[in-house]
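Asker: Contents of coords03.txt (compact mmCIF, C-alpha atoms) are given next:
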```txt
# COMPACT_ATOMS: atom_id res chain seq x y z
CA MET O 1 38.53 23.38 103.52
CA GLN O 2 35.90 23.71 100.81
CA THR O 3 34.83 20.49 99.14
CA LYS O 4 31.37 21.43 97.84
CA LYS O 5 31.40 22.40 94.16
CA PRO O 6 30.17 25.93 93.58
CA ASP O 7 26.77 26.36 91.95
CA ARG O 8 26.20 27.58 88.42
CA MET O 9 25.80 31.35 88.33
CA PRO O 10 22.20 32.54 87.90
CA ASP O 11 21.06 33.30 84.32
CA ALA O 12 20.13 36.87 85.25
CA LEU O 13 23.67 37.58 86.43
CA VAL O 14 25.19 35.95 83.32
CA ARG O 15 22.95 38.14 81.21
CA ARG O 16 24.29 41.26 82.92
CA LEU O 17 27.97 40.45 82.35
CA PRO O 18 28.01 41.42 78.64
CA ALA O 19 26.08 44.59 79.55
CA TYR O 20 28.77 45.52 82.09
CA TYR O 21 31.43 44.80 79.50
CA ARG O 22 29.67 46.97 76.90
CA GLN O 23 29.20 49.82 79.37
CA LEU O 24 32.84 49.70 80.49
CA THR O 25 33.98 49.66 76.85
CA GLU O 26 31.91 52.78 76.19
CA LEU O 27 33.30 54.51 79.27
CA GLU O 28 36.84 53.62 78.20
CA GLN O 29 36.17 55.08 74.73
CA GLU O 30 34.92 58.28 76.38
CA GLY O 31 38.20 58.50 78.30
CA VAL O 32 36.72 57.68 81.72
CA THR O 33 39.36 55.85 83.80
CA GLU O 34 37.61 55.52 87.19
CA ILE O 35 33.94 55.14 88.14
CA SER O 36 32.02 54.70 91.38
CA SER O 37 29.60 51.78 91.71
CA PHE O 38 26.90 54.43 92.11
CA LYS O 39 27.72 56.10 88.76
CA LEU O 40 28.13 52.75 86.99
CA ALA O 41 24.75 51.69 88.40
CA GLU O 42 23.16 54.88 87.10
CA HIS O 43 24.55 54.25 83.59
CA MET O 44 23.22 50.70 83.62
CA GLY O 45 19.83 51.18 85.25
CA LEU O 46 20.79 49.03 88.25
CA THR O 47 21.35 49.80 91.93
CA ASP O 48 24.90 50.10 93.26
CA SER O 49 24.26 47.31 95.75
CA GLN O 50 23.24 45.07 92.83
CA ILE O 51 26.53 45.83 91.09
CA ARG O 52 28.60 45.16 94.21
CA HIS O 53 26.64 41.92 94.74
CA ASP O 54 27.21 40.84 91.12
CA LEU O 55 30.94 41.49 91.27
CA ASN O 56 31.28 39.85 94.69
CA SER O 57 29.99 36.64 93.10
CA PHE O 58 33.37 36.43 91.38
CA GLY O 59 35.51 37.54 94.30
CA GLY O 60 34.91 41.30 94.23
CA PHE O 61 36.92 44.08 92.64
CA GLY O 62 35.83 47.10 94.62
CA ARG O 63 37.93 49.34 96.75
CA ARG O 64 35.31 50.69 99.13
CA GLY O 65 34.94 54.40 98.60
CA LEU O 66 37.38 54.49 95.70
CA GLY O 67 35.25 53.03 92.93
CA TYR O 68 36.46 50.90 90.05
CA GLN O 69 39.31 51.31 87.58
CA VAL O 70 37.46 51.09 84.24
CA ALA O 71 40.22 49.28 82.32
CA THR O 72 40.93 46.81 85.15
CA LEU O 73 37.27 45.97 85.70
CA LYS O 74 36.69 45.56 81.97
CA LYS O 75 39.70 43.22 81.76
CA SER O 76 38.44 41.19 84.76
CA ILE O 77 34.91 40.83 83.38
CA GLY O 78 36.43 39.85 80.03
CA ASP O 79 38.52 37.20 81.81
CA ILE O 80 35.46 35.92 83.66
CA MET O 81 33.57 35.57 80.37
CA ASP O 82 36.79 34.21 78.87
CA ILE O 83 36.57 36.56 75.90
CA ASN O 84 40.09 38.01 76.14
CA ARG O 85 41.30 35.42 73.65
CA GLU O 86 40.23 33.91 70.32
CA HIS O 87 37.41 31.38 70.12
CA PRO O 88 37.56 29.46 66.84
CA MET O 89 34.03 28.61 65.67
CA ILE O 90 32.43 26.80 62.77
CA ILE O 91 28.91 27.20 61.40
CA ILE O 92 26.97 24.16 60.24
CA GLY O 93 24.37 25.24 57.72
CA ALA O 94 25.33 28.05 55.33
CA GLY O 95 21.77 29.14 54.49
CA ARG O 96 20.33 32.53 55.39
CA ILE O 97 20.76 32.18 59.15
CA GLY O 98 24.21 30.59 58.96
CA SER O 99 25.54 33.13 56.51
CA ALA O 100 23.96 36.06 58.39
CA VAL O 101 25.79 34.87 61.50
CA ALA O 102 29.04 34.54 59.53
CA MET O 103 28.68 38.15 58.36
CA TYR O 104 27.39 39.59 61.64
CA PRO O 105 29.46 42.59 62.69
CA GLY O 106 31.04 42.46 66.11
CA PHE O 107 31.76 38.75 66.53
CA LYS O 108 35.26 38.87 65.13
CA GLU O 109 36.22 41.95 67.18
CA ALA O 110 35.05 40.07 70.28
CA GLY O 111 37.38 37.18 69.34
CA PHE O 112 34.67 34.90 68.01
CA ASN O 113 36.22 33.87 64.76
CA VAL O 114 34.38 31.76 62.18
CA THR O 115 36.97 29.56 60.47
CA ALA O 116 34.59 27.64 58.17
CA LEU O 117 30.97 26.93 57.30
CA PHE O 118 29.59 23.54 56.32
CA ASP O 119 26.68 22.74 54.04
CA VAL O 120 25.31 19.95 51.86
CA SER O 121 24.30 22.18 48.95
CA PRO O 122 26.61 21.91 45.90
CA GLU O 123 25.83 25.55 45.06
CA LEU O 124 27.18 26.74 48.40
CA ILE O 125 30.18 24.43 48.79
CA GLY O 126 33.30 26.20 47.55
CA THR O 127 31.95 29.72 48.06
CA GLN O 128 33.13 32.17 50.73
CA VAL O 129 30.92 33.81 53.33
CA GLY O 130 32.26 36.62 55.47
CA GLY O 131 35.80 35.60 54.54
CA ALA O 132 35.34 31.95 55.57
CA PRO O 133 35.05 29.00 53.16
CA VAL O 134 31.89 26.91 52.83
CA LEU O 135 33.01 23.27 53.01
CA ASP O 136 31.21 20.01 52.27
CA ALA O 137 29.31 18.79 55.35
CA GLN O 138 30.86 15.37 54.71
CA GLN O 139 34.25 16.83 55.69
CA LEU O 140 32.99 17.97 59.11
CA THR O 141 34.47 15.18 61.22
CA GLU O 142 37.80 15.34 59.39
CA TYR O 143 37.94 19.13 59.77
CA LEU O 144 37.26 18.92 63.50
CA ALA O 145 40.01 16.32 63.90
CA GLN O 146 42.52 18.67 62.25
CA ASN O 147 41.41 21.99 63.76
CA ASP O 148 40.90 22.97 67.36
CA ILE O 149 37.32 24.28 67.24
CA GLU O 150 35.63 25.35 70.47
CA ILE O 151 32.19 26.41 69.37
CA ALA O 152 29.80 25.02 66.76
CA ILE O 153 26.96 27.18 65.53
CA ILE O 154 24.05 25.01 64.44
CA ALA O 155 21.95 26.53 61.65
CA THR O 156 20.83 23.34 59.89
CA PRO O 157 17.28 22.23 59.10
CA ALA O 158 15.55 21.11 62.33
CA THR O 159 15.74 17.44 61.32
CA GLN O 160 19.56 17.57 61.18
CA ALA O 161 20.21 19.55 64.35
CA GLN O 162 20.52 16.75 66.93
CA GLN O 163 22.69 14.62 64.68
CA THR O 164 24.95 17.63 64.06
CA LEU O 165 25.28 18.23 67.78
CA ASP O 166 26.19 14.57 68.35
CA THR O 167 28.86 14.76 65.63
CA VAL O 168 30.53 17.90 66.97
CA ALA O 169 30.28 16.69 70.58
CA GLN O 170 32.05 13.47 69.66
CA ALA O 171 34.79 15.52 67.99
CA GLY O 172 35.42 17.46 71.21
CA VAL O 173 33.56 20.71 70.54
CA ARG O 174 32.54 22.07 73.94
CA GLY O 175 30.03 24.77 73.10
CA VAL O 176 27.00 24.92 70.81
CA TRP O 177 25.16 28.05 69.78
CA ASN O 178 21.88 26.73 68.46
CA PHE O 179 19.74 28.73 66.04
CA VAL O 180 17.37 25.87 65.29
CA PRO O 181 14.06 26.19 67.15
CA THR O 182 14.19 22.65 68.52
CA THR O 183 15.31 21.20 71.86
CA LEU O 184 18.71 19.53 71.65
CA ILE O 185 20.15 16.97 74.05
CA ALA O 186 23.82 17.54 74.86
CA PRO O 187 26.31 15.34 76.69
CA GLU O 188 27.56 16.31 80.17
CA GLY O 189 30.12 19.07 80.05
CA MET O 190 28.92 20.49 76.73
CA VAL O 191 27.25 23.90 76.91
CA VAL O 192 24.33 24.72 74.61
CA ILE O 193 22.86 28.20 74.29
CA ASN O 194 19.64 28.33 72.29
CA VAL O 195 18.86 31.49 70.37
CA HIS O 196 15.08 31.71 70.45
CA LEU O 197 14.39 34.63 68.15
CA THR O 198 10.63 34.09 68.30
CA ASP O 199 10.77 34.48 72.10
CA SER O 200 12.29 37.91 71.65
CA LEU O 201 9.47 38.92 69.27
CA MET O 202 6.91 37.60 71.77
CA ALA O 203 8.54 39.70 74.49
CA LEU O 204 8.20 42.72 72.21
CA SER O 205 4.53 41.94 71.62
CA PHE O 206 4.01 41.49 75.38
CA ARG O 207 5.66 44.83 76.20
CA MET O 208 3.51 46.62 73.61
CA HIS O 209 0.40 45.04 75.14
CA GLU O 210 1.65 45.97 78.62
CA VAL O 211 1.83 49.67 77.65
CA ASP O 212 -1.90 49.54 76.86
CA VAL O 213 -2.75 47.55 80.00
CA ILE O 214 -0.93 50.08 82.18
CA ASN O 215 -1.99 53.27 80.41
CA GLN O 216 -5.61 52.28 79.85
CA GLY O 217 -6.02 50.39 83.13
CA LEU O 218 -7.03 47.18 81.35
CA SER O 219 -7.05 43.70 82.86
CA TRP O 220 -4.55 41.11 81.62
CA THR O 221 -7.12 38.40 81.10
CA GLU O 222 -10.58 39.01 79.84
CA MET Y 1 -10.34 52.01 94.47
CA GLN Y 2 -7.00 51.52 92.75
CA THR Y 3 -5.41 54.61 91.28
CA LYS Y 4 -1.74 53.64 91.21
CA LYS Y 5 -0.60 52.42 87.80
CA PRO Y 6 0.72 48.84 87.91
CA ASP Y 7 4.46 48.36 87.48
CA ARG Y 8 6.12 46.89 84.41
CA MET Y 9 6.49 43.12 84.73
CA PRO Y 10 10.05 41.97 85.55
CA ASP Y 11 12.23 40.97 82.59
CA ALA Y 12 12.81 37.49 84.01
CA LEU Y 13 9.06 36.81 84.07
CA VAL Y 14 8.60 38.18 80.55
CA ARG Y 15 11.39 35.87 79.41
CA ARG Y 16 9.55 32.86 80.86
CA LEU Y 17 6.24 33.58 79.10
CA PRO Y 18 7.37 32.32 75.64
CA ALA Y 19 8.90 29.26 77.36
CA TYR Y 20 5.53 28.48 78.99
CA TYR Y 21 3.83 28.95 75.65
CA ARG Y 22 6.29 26.63 73.90
CA GLN Y 23 5.94 23.98 76.61
CA LEU Y 24 2.14 24.11 76.52
CA THR Y 25 2.20 23.87 72.71
CA GLU Y 26 4.35 20.74 72.97
CA LEU Y 27 2.05 19.22 75.59
CA GLU Y 28 -0.95 19.98 73.39
CA GLN Y 29 0.75 18.28 70.45
CA GLU Y 30 1.39 15.22 72.63
CA GLY Y 31 -2.34 15.07 73.44
CA VAL Y 32 -1.99 16.19 77.09
CA THR Y 33 -5.14 18.12 78.09
CA GLU Y 34 -4.52 18.73 81.80
CA ILE Y 35 -1.35 19.24 83.83
CA SER Y 36 -0.53 19.97 87.47
CA SER Y 37 1.68 22.94 88.31
CA PHE Y 38 4.10 20.37 89.74
CA LYS Y 39 4.38 18.46 86.44
CA LEU Y 40 4.55 21.65 84.39
CA ALA Y 41 7.32 22.87 86.70
CA GLU Y 42 9.23 19.63 86.20
CA HIS Y 43 9.02 19.97 82.40
CA MET Y 44 10.29 23.53 82.57
CA GLY Y 45 13.00 23.22 85.21
CA LEU Y 46 11.16 25.57 87.59
CA THR Y 47 9.46 25.08 90.96
CA ASP Y 48 5.67 24.82 91.11
CA SER Y 49 5.52 27.79 93.48
CA GLN Y 50 7.43 29.82 90.85
CA ILE Y 51 4.85 28.88 88.23
CA ARG Y 52 1.90 29.76 90.48
CA HIS Y 53 3.61 33.04 91.34
CA ASP Y 54 4.21 33.85 87.64
CA LEU Y 55 0.61 33.15 86.68
CA ASN Y 56 -0.77 35.02 89.68
CA SER Y 57 0.98 38.13 88.34
CA PHE Y 58 -1.69 38.16 85.64
CA GLY Y 59 -4.65 37.22 87.80
CA GLY Y 60 -4.08 33.48 88.21
CA PHE Y 61 -5.51 30.57 86.30
CA GLY Y 62 -5.11 27.70 88.74
CA ARG Y 63 -7.82 25.61 90.24
CA ARG Y 64 -6.09 24.47 93.43
CA GLY Y 65 -5.55 20.72 93.33
CA LEU Y 66 -6.99 20.41 89.82
CA GLY Y 67 -4.08 21.69 87.78
CA TYR Y 68 -4.31 23.57 84.51
CA GLN Y 69 -6.23 22.93 81.31
CA VAL Y 70 -3.43 22.93 78.72
CA ALA Y 71 -5.43 24.54 75.89
CA THR Y 72 -6.99 27.20 78.16
CA LEU Y 73 -3.69 28.15 79.76
CA LYS Y 74 -1.96 28.29 76.38
CA LYS Y 75 -4.72 30.57 75.07
CA SER Y 76 -4.45 32.83 78.13
CA ILE Y 77 -0.67 33.15 77.91
CA GLY Y 78 -1.05 33.85 74.19
CA ASP Y 79 -3.58 36.59 75.02
CA ILE Y 80 -1.24 38.05 77.64
CA MET Y 81 1.58 38.19 75.09
CA ASP Y 82 -0.99 39.39 72.55
CA ILE Y 83 0.13 36.83 69.98
CA ASN Y 84 -3.30 35.33 69.23
CA ARG Y 85 -3.65 37.72 66.30
CA GLU Y 86 -1.57 38.99 63.38
CA HIS Y 87 1.18 41.55 63.86
CA PRO Y 88 2.10 43.21 60.56
CA MET Y 89 5.81 44.02 60.49
CA ILE Y 90 8.27 45.62 58.11
CA ILE Y 91 12.04 45.19 57.94
CA ILE Y 92 14.28 48.15 57.23
CA GLY Y 93 17.53 46.92 55.74
CA ALA Y 94 17.34 43.93 53.39
CA GLY Y 95 20.95 42.82 53.80
CA ARG Y 96 22.03 39.54 55.38
CA ILE Y 97 20.43 40.16 58.76
CA GLY Y 98 17.23 41.68 57.37
CA SER Y 99 16.71 38.93 54.84
CA ALA Y 100 17.59 36.18 57.34
CA VAL Y 101 14.90 37.58 59.62
CA ALA Y 102 12.43 37.72 56.70
CA MET Y 103 13.11 34.03 55.99
CA TYR Y 104 13.27 32.87 59.61
CA PRO Y 105 10.95 29.93 60.18
CA GLY Y 106 8.38 30.30 62.91
CA PHE Y 107 7.60 34.01 62.81
CA LYS Y 108 4.71 33.74 60.38
CA GLU Y 109 3.13 30.83 62.25
CA ALA Y 110 3.29 32.93 65.41
CA GLY Y 111 1.40 35.70 63.58
CA PHE Y 112 4.43 37.92 62.99
CA ASN Y 113 3.97 38.69 59.37
CA VAL Y 114 6.55 40.61 57.34
CA THR Y 115 4.66 42.63 54.73
CA ALA Y 116 7.65 44.41 53.15
CA LEU Y 117 11.37 45.10 53.41
CA PHE Y 118 13.02 48.44 52.65
CA ASP Y 119 16.50 49.11 51.33
CA VAL Y 120 18.52 51.73 49.50
CA SER Y 121 20.36 49.31 47.21
CA PRO Y 122 19.13 49.32 43.58
CA GLU Y 123 20.09 45.62 43.31
CA LEU Y 124 17.75 44.68 46.15
CA ILE Y 125 14.81 46.97 45.41
CA GLY Y 126 12.21 45.07 43.39
CA THR Y 127 13.31 41.61 44.56
CA GLN Y 128 11.32 39.35 46.90
CA VAL Y 129 12.60 37.95 50.20
CA GLY Y 130 10.61 35.30 52.01
CA GLY Y 131 7.56 36.19 49.94
CA ALA Y 132 7.72 39.91 50.78
CA PRO Y 133 8.77 42.66 48.37
CA VAL Y 134 11.90 44.78 48.88
CA LEU Y 135 10.81 48.39 48.42
CA ASP Y 136 12.79 51.60 48.03
CA ALA Y 137 13.63 53.07 51.45
CA GLN Y 138 12.40 56.42 50.10
CA GLN Y 139 8.86 54.99 50.07
CA LEU Y 140 8.96 54.13 53.79
CA THR Y 141 6.92 57.05 55.11
CA GLU Y 142 4.34 56.71 52.35
CA TYR Y 143 4.05 52.95 52.96
CA LEU Y 144 3.52 53.46 56.68
CA ALA Y 145 0.81 56.04 56.01
CA GLN Y 146 -1.07 53.54 53.84
CA ASN Y 147 -0.51 50.35 55.86
CA ASP Y 148 -1.17 49.67 59.52
CA ILE Y 149 2.25 48.40 60.61
CA GLU Y 150 2.82 47.61 64.29
CA ILE Y 151 6.44 46.52 64.40
CA ALA Y 152 9.53 47.73 62.56
CA ILE Y 153 12.60 45.54 62.47
CA ILE Y 154 15.72 47.67 62.18
CA ALA Y 155 18.58 45.99 60.32
CA THR Y 156 20.23 49.03 58.75
CA PRO Y 157 23.85 50.14 59.05
CA ALA Y 158 24.48 51.51 62.56
CA THR Y 159 24.67 55.09 61.25
CA GLN Y 160 21.09 54.89 59.92
CA ALA Y 161 19.44 53.16 62.88
CA GLN Y 162 18.37 56.15 64.99
CA GLN Y 163 17.03 58.05 62.02
CA THR Y 164 15.06 54.98 60.97
CA LEU Y 165 13.57 54.66 64.44
CA ASP Y 166 12.56 58.33 64.40
CA THR Y 167 10.87 57.91 61.01
CA VAL Y 168 8.84 54.85 61.98
CA ALA Y 169 7.95 56.32 65.40
CA GLN Y 170 6.58 59.44 63.72
CA ALA Y 171 4.48 57.22 61.43
CA GLY Y 172 2.86 55.52 64.43
CA VAL Y 173 4.81 52.27 64.64
CA ARG Y 174 4.71 51.19 68.29
CA GLY Y 175 7.33 48.46 68.49
CA VAL Y 176 10.92 48.19 67.28
CA TRP Y 177 12.96 45.01 67.12
CA ASN Y 178 16.51 46.28 66.80
CA PHE Y 179 19.29 44.12 65.34
CA VAL Y 180 21.79 46.97 65.14
CA PRO Y 181 24.34 46.86 67.97
CA THR Y 182 23.81 50.48 68.96
CA THR Y 183 21.72 52.14 71.65
CA LEU Y 184 18.57 53.76 70.25
CA ILE Y 185 16.48 56.46 71.87
CA ALA Y 186 12.74 55.91 71.55
CA PRO Y 187 9.82 58.21 72.32
CA GLU Y 188 7.52 57.49 75.29
CA GLY Y 189 5.11 54.67 74.59
CA MET Y 190 7.29 53.02 71.94
CA VAL Y 191 8.77 49.66 72.90
CA VAL Y 192 12.27 48.73 71.70
CA ILE Y 193 13.73 45.25 72.13
CA ASN Y 194 17.42 45.01 71.25
CA VAL Y 195 18.73 41.72 69.93
CA HIS Y 196 22.30 41.56 71.25
CA LEU Y 197 23.64 38.48 69.49
CA THR Y 198 27.16 39.07 70.78
CA ASP Y 199 25.84 38.97 74.37
CA SER Y 200 24.48 35.51 73.73
CA LEU Y 201 27.89 34.34 72.45
CA MET Y 202 29.56 35.87 75.50
CA ALA Y 203 27.13 33.97 77.74
CA LEU Y 204 28.12 30.78 75.91
CA SER Y 205 31.80 31.54 76.45
CA PHE Y 206 31.12 32.29 80.13
CA ARG Y 207 29.24 29.01 80.65
CA MET Y 208 32.07 27.03 79.01
CA HIS Y 209 34.57 28.76 81.30
CA GLU Y 210 32.27 28.08 84.28
CA VAL Y 211 32.34 24.33 83.60
CA ASP Y 212 36.13 24.42 84.00
CA VAL Y 213 36.00 26.63 87.09
CA ILE Y 214 33.52 24.27 88.77
CA ASN Y 215 35.05 20.97 87.67
CA GLN Y 216 38.67 21.95 88.20
CA GLY Y 217 38.06 24.06 91.30
CA LEU Y 218 39.62 27.16 89.69
CA SER Y 219 39.26 30.71 90.88
CA TRP Y 220 37.30 33.20 88.72
CA THR Y 221 39.95 35.88 88.84
CA GLU Y 222 43.63 35.24 88.81
```
Could you spell out this file's structure in structure tokens?
Answerer:
Amino acid sequence: MQTKKPDRMPDALVRRLPAYYRQLTELEQEGVTEISSFKLAEHMGLTDSQIRHDLNSFGGFGRRGLGYQVATLKKSIGDIMDINREHPMIIIGAGRIGSAVAMYPGFKEAGFNVTALFDVSPELIGTQVGGAPVLDAQQLTEYLAQNDIEIAIIATPATQAQQTLDTVAQAGVRGVWNFVPTTLIAPEGMVVINVHLTDSLMALSFRMHEVDVINQGLSWTE
Amino acid sequence: MQTKKPDRMPDALVRRLPAYYRQLTELEQEGVTEISSFKLAEHMGLTDSQIRHDLNSFGGFGRRGLGYQVATLKKSIGDIMDINREHPMIIIGAGRIGSAVAMYPGFKEAGFNVTALFDVSPELIGTQVGGAPVLDAQQLTEYLAQNDIEIAIIATPATQAQQTLDTVAQAGVRGVWNFVPTTLIAPEGMVVINVHLTDSLMALSFRMHEVDVINQGLSWTE
């Protein structure tokens, strides 16, 4: 009898799940129906024991020696990420970031469907972005009461971000995708993923520096 | 005598470097001048042995029992990421994504300075985005010959992305920040960081599902 709650999955594993899904989608498009963990590992730059270990975290899907059915494994990983259904989302803040997200290719195909944007600017309210209407931010609470929205994308000015999170949390939104470079406090049970674009640029800068350190035999700190 | 080239640093470590930098910047702003690895670990949700291990990868900065000087450590991590100087960048593709990136707050302060955008659209050429001019994509090679650009941000249609990478690589650009959801092939020595925004949404969806699995004692695969 198991009474202990399972732990959260490690970030590194969660980061690999979309990569598996992408790889399996590509294989499916190429007409590949079965693949060994060894071949899949080769495609993904991982070891086959890493892949078996990752999949075993969720119960395992392998048939030792037989490899994986591409379509079945893709479906299972989609179920694990819970992306085999629609996720209605709203965007709060219809400025450059908010509207870029609304227009971003690939979200809708993955079932992430923006139903509305919200803004305070009279010039934006009433327009359409990426097929979704921009509504008055004052209607936010009412809209959330009438529509079953799972995910709120926060793209407001930094000063409004926490208050926006509090509003959507109170209305029952369970997930926040935060584009504002500020730390937000969320209630228990709500999930917040912060998109730190500057971190990604810093990683790029680091990797460029690393090429020089390795190739020229430099020291990291001078 | 060491002849073996050092390995690339692990992705997980590289991902923590900007988080250290952000935390140290916040501490500095709060007037904290010294911090123990234990306290720093607490702030960051890591263990102190993890932090010492991370920093030792670059030669180590600790004075056992004395903790870290906030300003000195911040400077060192900035040097390691090579962000204590300007990085001139260009953006290829001045559509929603490209212009959102050009306007994104925080890049310029971190020294990532967009000097120009490039596009093929006559309506965009000649305009300004985030203080930088939108130039004709036909001028790209000429511009790169005349300006010392380190990083190219690719925000073109998917069909143009590889060709754009080839062009900037040939002109000596060493880093690519790719917003196009397609796999690009880069020459040796060039660094490419792909921004997979859909992956981040999938991670959000996974974490929301995980809350249910843990709290309701569900199984991952049905």
Asker: Could you check how far CA of Val114 (chain Y) sits from CA of Ile90 (chain Y), in Å to one decimal?
Answerer: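 One can read the CA of Val114 (chain Y) to CA of Ile90 (chain Y) distance as 5.4 Å.
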Asker: Got a sec to pull out which chain O residues are within 6 Å of chain Y, counting all atoms listed in the file, and send them as a list in words?
Answerer: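 Within 6 Å of chain Y on chain O, we get Pro18, Phe58, Met81, Arg96, Ile97, Ala100, Asp199, Ser205, Phe206 and Trp220 of chain O.
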Asker: Find the residues near Gly172 (chain Y): any atom within 9 Å, counting all atoms listed in the file, skip ones fewer than 4 places away on the same chain, and give them as a VMD selection string.
Answerer: chain Y and resid 144 to 145 148 to 150 168
Asker: Between CA of Thr167 (chain Y) and CA of Pro122 (chain Y), measure the distance and give it in Å to one decimal.
Answerer: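 A separation of 21.1 Å between them.
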Asker: Could you tell me how far CA of Ala137 (chain O) lies from CA of Leu117 (chain O), in Å and to one decimal?
Answerer: 8.5 Å
Asker: Which residue is closest to Ile35 (chain O)? Choose from O:Gln160, O:Gln69, O:Thr47, O:Asn56 and count only C-alpha atoms.
Answerer: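 Smallest distance to Ile35 (chain O) is found for O:Gln69.
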Asker: With only C-alpha atoms as the atoms that count, which of O:Ile92, O:Gly126, O:Leu24, O:Leu66 lies nearest to Gln163 (chain O)?
Answerer: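 Closest to Gln163 (chain O) of all the choices is O:Ile92.
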Asker: Given all atoms listed in the file as the basis, pick out the residue of Y:Asn178, Y:Gln23, Y:Gln162, Y:Asn84 nearest to Glu109 (chain Y).
Answerer: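 Closest to Glu109 (chain Y) of all the choices is Y:Asn84.
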Asker: Just the residues within 10 Å of Leu40 (chain Y), please, counting all atoms listed in the file, with nothing from its chain fewer than 5 positions along; format it as a tab-separated table (two decimals) with C-alpha atoms, in the frame of the given file.
Answerer:
```
chain	number	residue	atom	x	y	z
Y	20	TYR	CA	5.53	28.48	78.99
Y	23	GLN	CA	5.94	23.98	76.61
Y	24	LEU	CA	2.14	24.11	76.52
Y	27	LEU	CA	2.05	19.22	75.59
Y	34	GLU	CA	-4.52	18.73	81.80
Y	35	ILE	CA	-1.35	19.24	83.83
Y	45	GLY	CA	13.00	23.22	85.21
Y	46	LEU	CA	11.16	25.57	87.59
Y	47	THR	CA	9.46	25.08	90.96
Y	48	ASP	CA	5.67	24.82	91.11
Y	51	ILE	CA	4.85	28.88	88.23
Y	67	GLY	CA	-4.08	21.69	87.78
Y	68	TYR	CA	-4.31	23.57	84.51
Y	70	VAL	CA	-3.43	22.93	78.72
```
Asker: Hey, which of Y:Glu86, Y:Glu123, Y:Asp166, Y:Glu28 ends up closest to Gly111 (chain Y)? Count all atoms listed in the file.
Answerer: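 Smallest separation from Gly111 (chain Y) among the options: Y:Glu86.
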Asker: Quick one: residues within 8 Å of Ala116 (chain Y), all atoms listed in the file, excluding same-chain residues fewer than 5 positions away - as a PyMOL selection string?
Answerer: chain Y and resi 89-91+132-135
Asker: Tell me which of Y:Ser49, Y:Lys75, Y:Ala155, Y:Asp119 sits closest to Gln138 (chain Y), counting only C-alpha atoms.
Answerer: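 Looking only at the distances to Gln138 (chain Y), the closest residue turns out to be Y:Asp119.
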Asker: Please return region 196-208 of chain O, rebuilt to N, CA and C atoms, as an mmCIF file, keeping the file's coordinate frame.
Answerer:
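In the end it all went to result22.cif:
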```
data_model
loop_
_atom_site.group_PDB
_atom_site.id
_atom_site.type_symbol
_atom_site.label_atom_id
_atom_site.label_comp_id
_atom_site.auth_asym_id
_atom_site.auth_seq_id
_atom_site.Cartn_x
_atom_site.Cartn_y
_atom_site.Cartn_z
ATOM 1 N N HIS O 196 16.506 31.792 70.771
ATOM 2 C CA HIS O 196 15.080 31.710 70.450
ATOM 3 C C HIS O 196 14.618 33.067 69.954
ATOM 4 N N LEU O 197 14.751 33.298 68.657
ATOM 5 C CA LEU O 197 14.390 34.630 68.150
ATOM 6 C C LEU O 197 12.897 34.905 68.302
ATOM 7 N N THR O 198 12.077 33.860 68.173
ATOM 8 C CA THR O 198 10.630 34.090 68.300
ATOM 9 C C THR O 198 10.283 34.555 69.722
ATOM 10 N N ASP O 199 11.014 34.045 70.725
ATOM 11 C CA ASP O 199 10.770 34.480 72.100
ATOM 12 C C ASP O 199 10.970 35.983 72.244
ATOM 13 N N SER O 200 11.989 36.491 71.564
ATOM 14 C CA SER O 200 12.290 37.910 71.650
ATOM 15 C C SER O 200 11.161 38.739 71.025
ATOM 16 N N LEU O 201 10.620 38.248 69.901
ATOM 17 C CA LEU O 201 9.470 38.920 69.270
ATOM 18 C C LEU O 201 8.242 38.865 70.176
ATOM 19 N N MET O 202 8.048 37.722 70.856
ATOM 20 C CA MET O 202 6.910 37.600 71.770
ATOM 21 C C MET O 202 7.064 38.554 72.942
ATOM 22 N N ALA O 203 8.298 38.740 73.405
ATOM 23 C CA ALA O 203 8.540 39.700 74.490
ATOM 24 C C ALA O 203 8.207 41.116 74.027
ATOM 25 N N LEU O 204 8.540 41.414 72.774
ATOM 26 C CA LEU O 204 8.200 42.720 72.210
ATOM 27 C C LEU O 204 6.683 42.913 72.182
ATOM 28 N N SER O 205 5.987 41.889 71.694
ATOM 29 C CA SER O 205 4.530 41.940 71.620
ATOM 30 C C SER O 205 3.940 42.117 73.024
ATOM 31 N N PHE O 206 4.478 41.367 73.990
ATOM 32 C CA PHE O 206 4.010 41.490 75.380
ATOM 33 C C PHE O 206 4.204 42.917 75.891
ATOM 34 N N ARG O 207 5.384 43.480 75.670
ATOM 35 C CA ARG O 207 5.660 44.830 76.200
ATOM 36 C C ARG O 207 4.754 45.879 75.561
ATOM 37 N N MET O 208 4.433 45.678 74.271
ATOM 38 C CA MET O 208 3.510 46.620 73.610
ATOM 39 C C MET O 208 2.117 46.510 74.222
#
```
